[in-house]
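File shown: structure28.txt. Contents: compact mmCIF, C-alpha atoms and all ligand atoms.
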# COMPACT_ATOMS: atom_id res chain seq x y z
CA ASP A 1 161.11 156.66 181.79
CA LYS A 2 158.21 154.25 181.87
CA ALA A 3 155.52 156.76 180.88
CA LYS A 4 157.44 157.77 177.75
CA TRP A 5 158.12 154.10 176.94
CA ALA A 6 154.41 153.26 177.39
CA SER A 7 153.34 156.03 175.02
CA GLY A 8 155.98 155.51 172.33
CA THR A 9 155.65 151.72 172.14
CA ALA A 10 151.82 151.77 172.12
CA ALA A 11 151.83 153.66 168.83
CA ILE A 12 152.88 150.61 166.83
CA GLU A 13 149.89 148.39 167.56
CA ALA A 14 147.48 151.31 167.67
CA TYR A 15 148.36 152.96 164.36
CA VAL A 16 151.13 151.37 162.29
CA ARG A 17 150.16 149.03 159.43
CA ASP A 18 152.14 147.10 156.81
CA GLY A 19 153.19 149.22 153.85
CA MET A 20 152.91 152.56 155.64
CA LYS A 21 155.12 155.57 154.97
CA LEU A 22 155.86 157.11 158.37
CA GLY A 23 157.16 160.36 159.83
CA LEU A 24 159.58 159.52 162.64
CA GLY A 25 159.48 162.07 165.46
CA SER A 26 162.29 163.41 167.63
CA GLY A 27 162.85 163.32 171.37
CA THR A 28 162.98 160.55 173.93
CA THR A 29 159.33 159.47 173.64
CA SER A 30 159.53 159.26 169.85
CA HIS A 31 162.77 157.34 170.15
CA TRP A 32 160.96 154.62 172.13
CA PHE A 33 158.60 154.46 169.12
CA VAL A 34 161.51 154.18 166.66
CA ARG A 35 163.14 151.41 168.69
CA ALA A 36 159.86 149.46 168.84
CA LEU A 37 159.43 150.04 165.10
CA GLY A 38 162.88 148.54 164.49
CA GLU A 39 161.80 145.42 166.37
CA ALA A 40 158.60 145.19 164.31
CA VAL A 41 160.59 145.58 161.08
CA ALA A 42 162.90 142.78 162.22
CA GLN A 43 159.77 140.63 162.54
CA GLY A 44 158.66 141.42 159.03
CA LEU A 45 156.77 144.75 159.18
CA ASP A 46 157.13 146.52 155.84
CA VAL A 47 157.41 150.30 156.43
CA VAL A 48 159.63 153.23 155.46
CA GLY A 49 160.28 156.34 157.52
CA VAL A 50 161.24 159.99 157.08
CA PRO A 51 163.20 161.20 160.13
CA THR A 52 162.49 164.61 161.70
CA SER A 53 166.09 165.11 162.85
CA THR A 54 169.59 163.81 162.31
CA GLY A 55 169.31 162.23 165.76
CA THR A 56 166.24 160.25 164.73
CA ARG A 57 167.87 159.42 161.39
CA ASP A 58 170.86 157.93 163.22
CA LEU A 59 168.66 155.93 165.61
CA ALA A 60 166.52 154.62 162.73
CA LEU A 61 169.66 153.46 160.91
CA GLU A 62 170.91 151.82 164.11
CA VAL A 63 167.70 149.86 164.75
CA GLY A 64 167.04 148.97 161.09
CA VAL A 65 164.07 151.15 160.14
CA PRO A 66 164.28 151.70 156.35
CA LEU A 67 164.50 155.42 155.53
CA THR A 68 163.23 157.51 152.64
CA THR A 69 162.82 161.23 151.96
CA LEU A 70 159.99 163.63 151.24
CA ALA A 71 161.54 164.03 147.80
CA ALA A 72 160.92 160.35 147.09
CA VAL A 73 157.42 160.06 148.58
CA GLU A 74 154.58 162.52 148.00
CA ARG A 75 152.74 162.00 151.26
CA LEU A 76 153.20 160.15 154.52
CA ASP A 77 150.41 158.06 156.00
CA LEU A 78 151.24 158.82 159.61
CA THR A 79 153.68 160.82 161.74
CA ILE A 80 154.36 159.83 165.33
CA ASP A 81 156.03 162.66 167.29
CA GLY A 82 156.36 164.00 170.81
CA ALA A 83 155.55 167.33 172.42
CA ASP A 84 156.73 169.52 175.24
CA GLU A 85 153.19 170.53 176.13
CA ILE A 86 149.80 169.46 174.73
CA ASP A 87 146.41 170.90 175.67
CA HIS A 88 143.02 169.20 175.64
CA ASP A 89 142.40 170.30 172.04
CA GLY A 90 145.69 168.75 170.91
CA ALA A 91 147.47 172.09 170.44
CA MET A 92 151.14 171.63 171.25
CA ILE A 93 154.33 173.38 172.10
CA LYS A 94 157.20 171.57 170.40
CA GLY A 95 160.87 172.34 169.90
CA GLY A 96 162.39 171.51 173.26
CA GLY A 97 164.67 169.19 171.33
CA ALA A 98 165.50 171.84 168.70
CA CYS A 99 163.86 169.80 165.89
CA LEU A 100 160.67 171.80 165.35
CA LEU A 101 161.30 172.87 161.73
CA TRP A 102 161.71 169.40 160.21
CA GLU A 103 159.00 168.13 162.60
CA ARG A 104 156.56 170.73 161.24
CA ILE A 105 157.44 169.97 157.59
CA VAL A 106 157.07 166.21 158.10
CA ALA A 107 153.80 166.58 160.02
CA ASP A 108 152.48 168.84 157.26
CA ALA A 109 153.27 166.12 154.68
CA SER A 110 151.37 163.51 156.71
CA ASP A 111 147.73 162.43 156.41
CA ARG A 112 147.63 161.85 160.17
CA MET A 113 149.71 162.97 163.14
CA VAL A 114 149.60 161.27 166.51
CA ALA A 115 151.35 162.83 169.52
CA VAL A 116 153.12 160.50 171.94
CA VAL A 117 153.48 162.10 175.35
CA ASP A 118 154.00 161.20 178.98
CA ASP A 119 151.24 162.42 181.28
CA SER A 120 153.33 165.36 182.52
CA LYS A 121 152.93 167.05 179.10
CA LEU A 122 149.14 167.49 179.34
CA VAL A 123 148.21 171.12 180.25
CA ASP A 124 145.05 173.24 180.34
CA THR A 125 146.79 176.21 178.73
CA LEU A 126 150.03 176.26 176.73
CA GLY A 127 152.92 178.48 177.70
CA ALA A 128 154.55 177.33 180.93
CA PHE A 129 157.13 175.68 178.65
CA PRO A 130 159.22 178.36 176.90
CA LEU A 131 158.07 178.73 173.28
CA PRO A 132 160.91 177.84 170.86
CA ILE A 133 161.22 180.20 167.88
CA GLU A 134 163.63 179.19 165.10
CA VAL A 135 165.40 182.20 163.54
CA VAL A 136 168.04 182.58 160.84
CA PRO A 137 171.44 183.54 162.28
CA PHE A 138 171.71 186.66 160.09
CA SER A 139 170.90 189.66 162.35
CA TRP A 140 169.04 187.42 164.80
CA GLU A 141 169.25 190.25 167.36
CA SER A 142 167.13 192.39 165.07
CA THR A 143 164.65 189.52 164.67
CA ARG A 144 164.54 189.18 168.44
CA ARG A 145 163.66 192.88 168.73
CA SER A 146 160.85 192.39 166.21
CA ILE A 147 159.53 189.42 168.20
CA ALA A 148 159.64 191.51 171.37
CA ARG A 149 157.68 194.32 169.66
CA LEU A 150 155.01 191.87 168.46
CA LEU A 151 154.68 190.25 171.87
CA GLY A 152 154.54 193.69 173.53
CA ARG A 153 151.65 194.65 171.25
CA LEU A 154 149.89 191.39 172.20
CA GLY A 155 150.16 192.23 175.90
CA TYR A 156 153.19 190.15 176.83
CA ALA A 157 154.95 192.98 178.64
CA ASP A 158 158.74 192.82 178.41
CA PRO A 159 158.89 189.12 177.38
CA ASP A 160 161.94 187.12 178.38
CA LEU A 161 163.49 186.05 175.04
CA ARG A 162 166.60 183.90 175.42
CA LEU A 163 168.95 182.67 172.68
CA ARG A 164 169.26 178.92 173.31
CA THR A 165 172.73 177.79 174.29
CA ALA A 166 174.15 174.49 175.46
CA GLY A 167 177.44 174.22 177.30
CA GLY A 168 178.09 177.92 176.64
CA GLU A 169 177.68 177.44 172.88
CA THR A 170 174.77 178.73 170.77
CA VAL A 171 172.55 175.81 169.75
CA VAL A 172 172.46 175.39 165.95
CA THR A 173 169.56 173.38 164.47
CA ASP A 174 169.81 170.69 161.77
CA SER A 175 169.02 173.48 159.29
CA GLY A 176 171.80 175.72 160.64
CA ASN A 177 169.48 178.14 162.45
CA TYR A 178 169.32 179.53 165.99
CA LEU A 179 166.54 179.22 168.57
CA ILE A 180 165.03 181.95 170.73
CA ASP A 181 162.99 180.63 173.67
CA ALA A 182 160.11 182.92 174.67
CA HIS A 183 159.13 182.57 178.34
CA LEU A 184 155.49 183.64 178.03
CA GLY A 185 153.93 181.77 180.96
CA SER A 186 150.51 181.39 179.37
CA ILE A 187 149.36 181.65 175.74
CA GLU A 188 145.69 182.54 175.31
CA ASP A 189 145.38 182.24 171.50
CA PRO A 190 148.07 179.86 170.23
CA THR A 191 146.71 179.72 166.66
CA ALA A 192 146.81 183.50 166.26
CA LEU A 193 150.26 183.82 167.82
CA ASP A 194 151.59 181.03 165.55
CA GLY A 195 150.77 182.96 162.38
CA GLN A 196 151.89 186.33 163.72
CA LEU A 197 155.29 184.99 164.79
CA ASN A 198 156.02 183.29 161.45
CA TRP A 199 155.25 186.57 159.67
CA ILE A 200 158.24 188.27 161.27
CA PRO A 201 161.23 188.56 158.88
CA GLY A 202 163.93 186.21 160.12
CA VAL A 203 161.57 183.83 161.89
CA VAL A 204 161.65 180.41 160.20
CA GLU A 205 159.21 178.49 162.40
CA ASN A 206 157.88 178.43 165.93
CA GLY A 207 156.92 175.66 168.31
CA LEU A 208 153.16 176.30 168.35
CA PHE A 209 151.68 173.27 166.56
CA THR A 210 147.93 173.94 166.47
CA GLY A 211 145.43 171.89 164.48
CA ILE A 212 148.10 169.29 163.71
CA ALA A 213 147.71 166.42 166.19
CA ASP A 214 144.78 164.15 165.31
CA GLU A 215 145.07 162.00 168.41
CA MET A 216 147.39 161.63 171.38
CA ILE A 217 148.72 158.61 173.25
CA ILE A 218 149.29 159.52 176.89
CA GLY A 219 151.70 157.28 178.82
CA PHE A 220 151.60 156.90 182.60
CA PRO A 221 154.28 155.94 185.14
CA SER A 222 152.37 152.69 185.69
CA GLY A 223 153.33 151.68 182.14
CA GLU A 224 149.72 151.99 180.99
CA HIS A 225 148.58 154.33 178.22
CA GLU A 226 145.42 156.08 177.08
CA ILE A 227 144.46 157.23 173.58
CA ARG A 228 142.52 160.48 173.28
CA ASP A 229 141.07 162.21 170.22
O1 LIG B 1 161.34 168.89 170.41
C1 LIG B 1 160.25 168.31 170.31
O2 LIG B 1 159.23 168.83 169.84
C2 LIG B 1 160.19 166.91 170.80
O3 LIG B 1 159.01 166.32 170.42
C3 LIG B 1 160.45 166.84 172.28
O4 LIG B 1 160.38 168.10 172.87
C4 LIG B 1 159.57 165.89 173.04
O5 LIG B 1 160.24 165.68 174.21
P1 LIG B 1 160.41 164.26 174.94
O6 LIG B 1 161.88 163.99 174.90
O7 LIG B 1 159.87 164.50 176.31
O8 LIG B 1 159.62 163.21 174.16
Once more with this new file: its structure as structure tokens, please.
Amino acid sequence: DKAKWASGTAAIEAYVRDGMKLGLGSGTTSHWFVRALGEAVAQGLDVVGVPTSTGTRDLALEVGVPLTTLAAVERLDLTIDGADEIDHDGAMIKGGGACLLWERIVADASDRMVAVVDDSKLVDTLGAFPLPIEVVPFSWESTRRSIARLLGRLGYADPDLRLRTAGGETVVTDSGNYLIDAHLGSIEDPTALDGQLNWIPGVVENGLFTGIADEMIIGFPSGEHEIRD
């Protein structure tokens, strides 16, 4: 939609410079960015990108964005990626598109991360969007019980923890893991919860991205955008 287009395409002029090594985000807003990047490359922009999912990899190949890997480059200058929710401090819930693990690794390898979001993603408090938690398939039911115990101790009484499926099949991430979506409603201390969740044996990563986004580009249905620190 137009708000996602406005946000994703604005990132090029606002942040991308010749010679940059880029993290390429996942999701529909990021894919507008990748398409616009392909056009800029066709006009001579010299960049390389590390994709945050096989879906983004395939789109980058289709539109002609040269790809590299985090094995080949030490650091990335900039990652452009979307979010499912973002609060006024830039804390995010990510993982709606099942790509949160590679997204987190690529963002961590980047000097700067800019979130590209449509205006519907901006919230006062995170948590209305179910929190994705990536778990290894081995004994995931046991891991889910451990997550429930942690959340119970934190005051989330009887949390609704759902294994993510699509079309009746369990969703498997690019790394071969499963996702448990935690319907928490409202998360008071995202930074604390982030660390506590990842400590649980069997949890690989979770969708709380706090202290990662440096700026955000908010797109509006009018096709305009706004950049916020
Ligand atoms: O999964 C993610 O974290 C993606 O960034 C995604 O959820 C963003 O969604 P979008 O398709 O609305 O850009």
Using all atoms listed in the file, determine which residues fall within 9 Å of ligand LIG 1 (chain B), then list them as a PDB file with C-alpha atoms, in the coordinates of the input.
ATOM      1  CA  LYS A   4     157.440 157.770 177.750  1.00  0.00           C
ATOM      2  CA  GLY A   8     155.980 155.510 172.330  1.00  0.00           C
ATOM      3  CA  GLY A  25     159.480 162.070 165.460  1.00  0.00           C
ATOM      4  CA  SER A  26     162.290 163.410 167.630  1.00  0.00           C
ATOM      5  CA  GLY A  27     162.850 163.320 171.370  1.00  0.00           C
ATOM      6  CA  THR A  28     162.980 160.550 173.930  1.00  0.00           C
ATOM      7  CA  THR A  29     159.330 159.470 173.640  1.00  0.00           C
ATOM      8  CA  SER A  30     159.530 159.260 169.850  1.00  0.00           C
ATOM      9  CA  HIS A  31     162.770 157.340 170.150  1.00  0.00           C
ATOM     10  CA  TRP A  32     160.960 154.620 172.130  1.00  0.00           C
ATOM     11  CA  ASP A  81     156.030 162.660 167.290  1.00  0.00           C
ATOM     12  CA  GLY A  82     156.360 164.000 170.810  1.00  0.00           C
ATOM     13  CA  ALA A  83     155.550 167.330 172.420  1.00  0.00           C
ATOM     14  CA  ASP A  84     156.730 169.520 175.240  1.00  0.00           C
ATOM     15  CA  GLU A  85     153.190 170.530 176.130  1.00  0.00           C
ATOM     16  CA  MET A  92     151.140 171.630 171.250  1.00  0.00           C
ATOM     17  CA  ILE A  93     154.330 173.380 172.100  1.00  0.00           C
ATOM     18  CA  LYS A  94     157.200 171.570 170.400  1.00  0.00           C
ATOM     19  CA  GLY A  95     160.870 172.340 169.900  1.00  0.00           C
ATOM     20  CA  GLY A  96     162.390 171.510 173.260  1.00  0.00           C
ATOM     21  CA  GLY A  97     164.670 169.190 171.330  1.00  0.00           C
ATOM     22  CA  ALA A  98     165.500 171.840 168.700  1.00  0.00           C
ATOM     23  CA  CYS A  99     163.860 169.800 165.890  1.00  0.00           C
ATOM     24  CA  LEU A 100     160.670 171.800 165.350  1.00  0.00           C
ATOM     25  CA  GLU A 103     159.000 168.130 162.600  1.00  0.00           C
ATOM     26  CA  ALA A 115     151.350 162.830 169.520  1.00  0.00           C
ATOM     27  CA  VAL A 116     153.120 160.500 171.940  1.00  0.00           C
ATOM     28  CA  VAL A 117     153.480 162.100 175.350  1.00  0.00           C
ATOM     29  CA  ASP A 118     154.000 161.200 178.980  1.00  0.00           C
ATOM     30  CA  LYS A 121     152.930 167.050 179.100  1.00  0.00           C
ATOM     31  CA  PRO A 132     160.910 177.840 170.860  1.00  0.00           C
ATOM     32  CA  GLY A 207     156.920 175.660 168.310  1.00  0.00           C
TER      33      GLY A 207
END
- [ ] Might you pull out every residue within 10 Å of Ala10 (chain A), with all atoms listed in the file counted and same-chain residues fewer than 5 positions away left off, and present them as number ranges by chain?
- [x] A: 4-5, 15-16, 32-33, 36, 116, 217-219, 224-227
Task: Distance query Asp124 (chain A) at most 9 Å, only C-alpha atoms, self and fewer than 3 positions along chain excluded, as a list of chain:residue names - done: A:Ile86, A:Asp87, A:His88
Box for region 179-183 of chain A: with edges along x, y and z, all listed atoms inside and 4 Å added on each side, what are the centre and edge lengths in Å to one decimal, as lines of an AutoDock Vina configuration file?
center_x = 162.8
center_y = 181.1
center_z = 173.5
size_x = 15.4
size_y = 11.7
size_z = 17.8
Task: Asp58 (chain A) surroundings by all atoms listed in the file, 12 Å radius, close-in-sequence under 5 positions cut, as a PyMOL selection string - done: chain A and resi 24+26+31+34-35+50-53+63-67
Task: Which residue of A:Glu39, A:Asp160, A:Asp214, A:Glu134 approaches Ser175 (chain A) most closely, using all atoms listed in the file - done: A:Glu134
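Comparing A:Arg144, A:Arg104, A:Arg75, A:Lys2 by their smallest distance to Gly202 (chain A), the closest is A:Arg144 (using all atoms listed in the file).
For Asp111 (chain A), the list of residues within 12 Å, based on all atoms listed in the file and with local chain neighbours fewer than 5 positions off taken out, reads Met20, Lys21, Leu22, Gly23, Glu74, Arg75, Leu76, Asp77, Leu78, Thr79, Ile80, Val106, Ile212, Ala213 and Asp214 of chain A.
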Open item on the list: Given only C-alpha atoms as the basis, pick out the residue of A:Pro137, A:Pro130, A:Gly49, A:Gly223 nearest to Val203 (chain A).
Closed with: A:Pro137
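Taking CA of His183 (chain A) and CA of Thr54 (chain A) as the two end points, the separation is 26.8 Å.
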TODO: Name the closest residue to Arg149 (chain A) among the candidates A:Ile200, A:Thr165, A:Val114, A:Tyr178; distances are taken between atoms, counting only C-alpha atoms.
DONE: A:Ile200
- [ ] Can you work out which one of A:Val204, A:Leu197, A:Met113, A:Val172 has the shortest atom-to-atom distance to Val136 (chain A), counting all atoms listed in the file?
- [x] A:Val204
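Between CA of Ile180 (chain A) and CA of Leu131 (chain A) the separation is 8.1 Å.
Computed from the coordinates, the CA of Arg162 (chain A) to CA of Asp181 (chain A) distance equals 5.2 Å.
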TODO: Rank A:Gly55, A:Phe220, A:Tyr156, A:Arg228 by their smallest atom-to-atom distance to Ala6 (chain A), using only C-alpha atoms, and report the top residue only.
DONE: A:Phe220
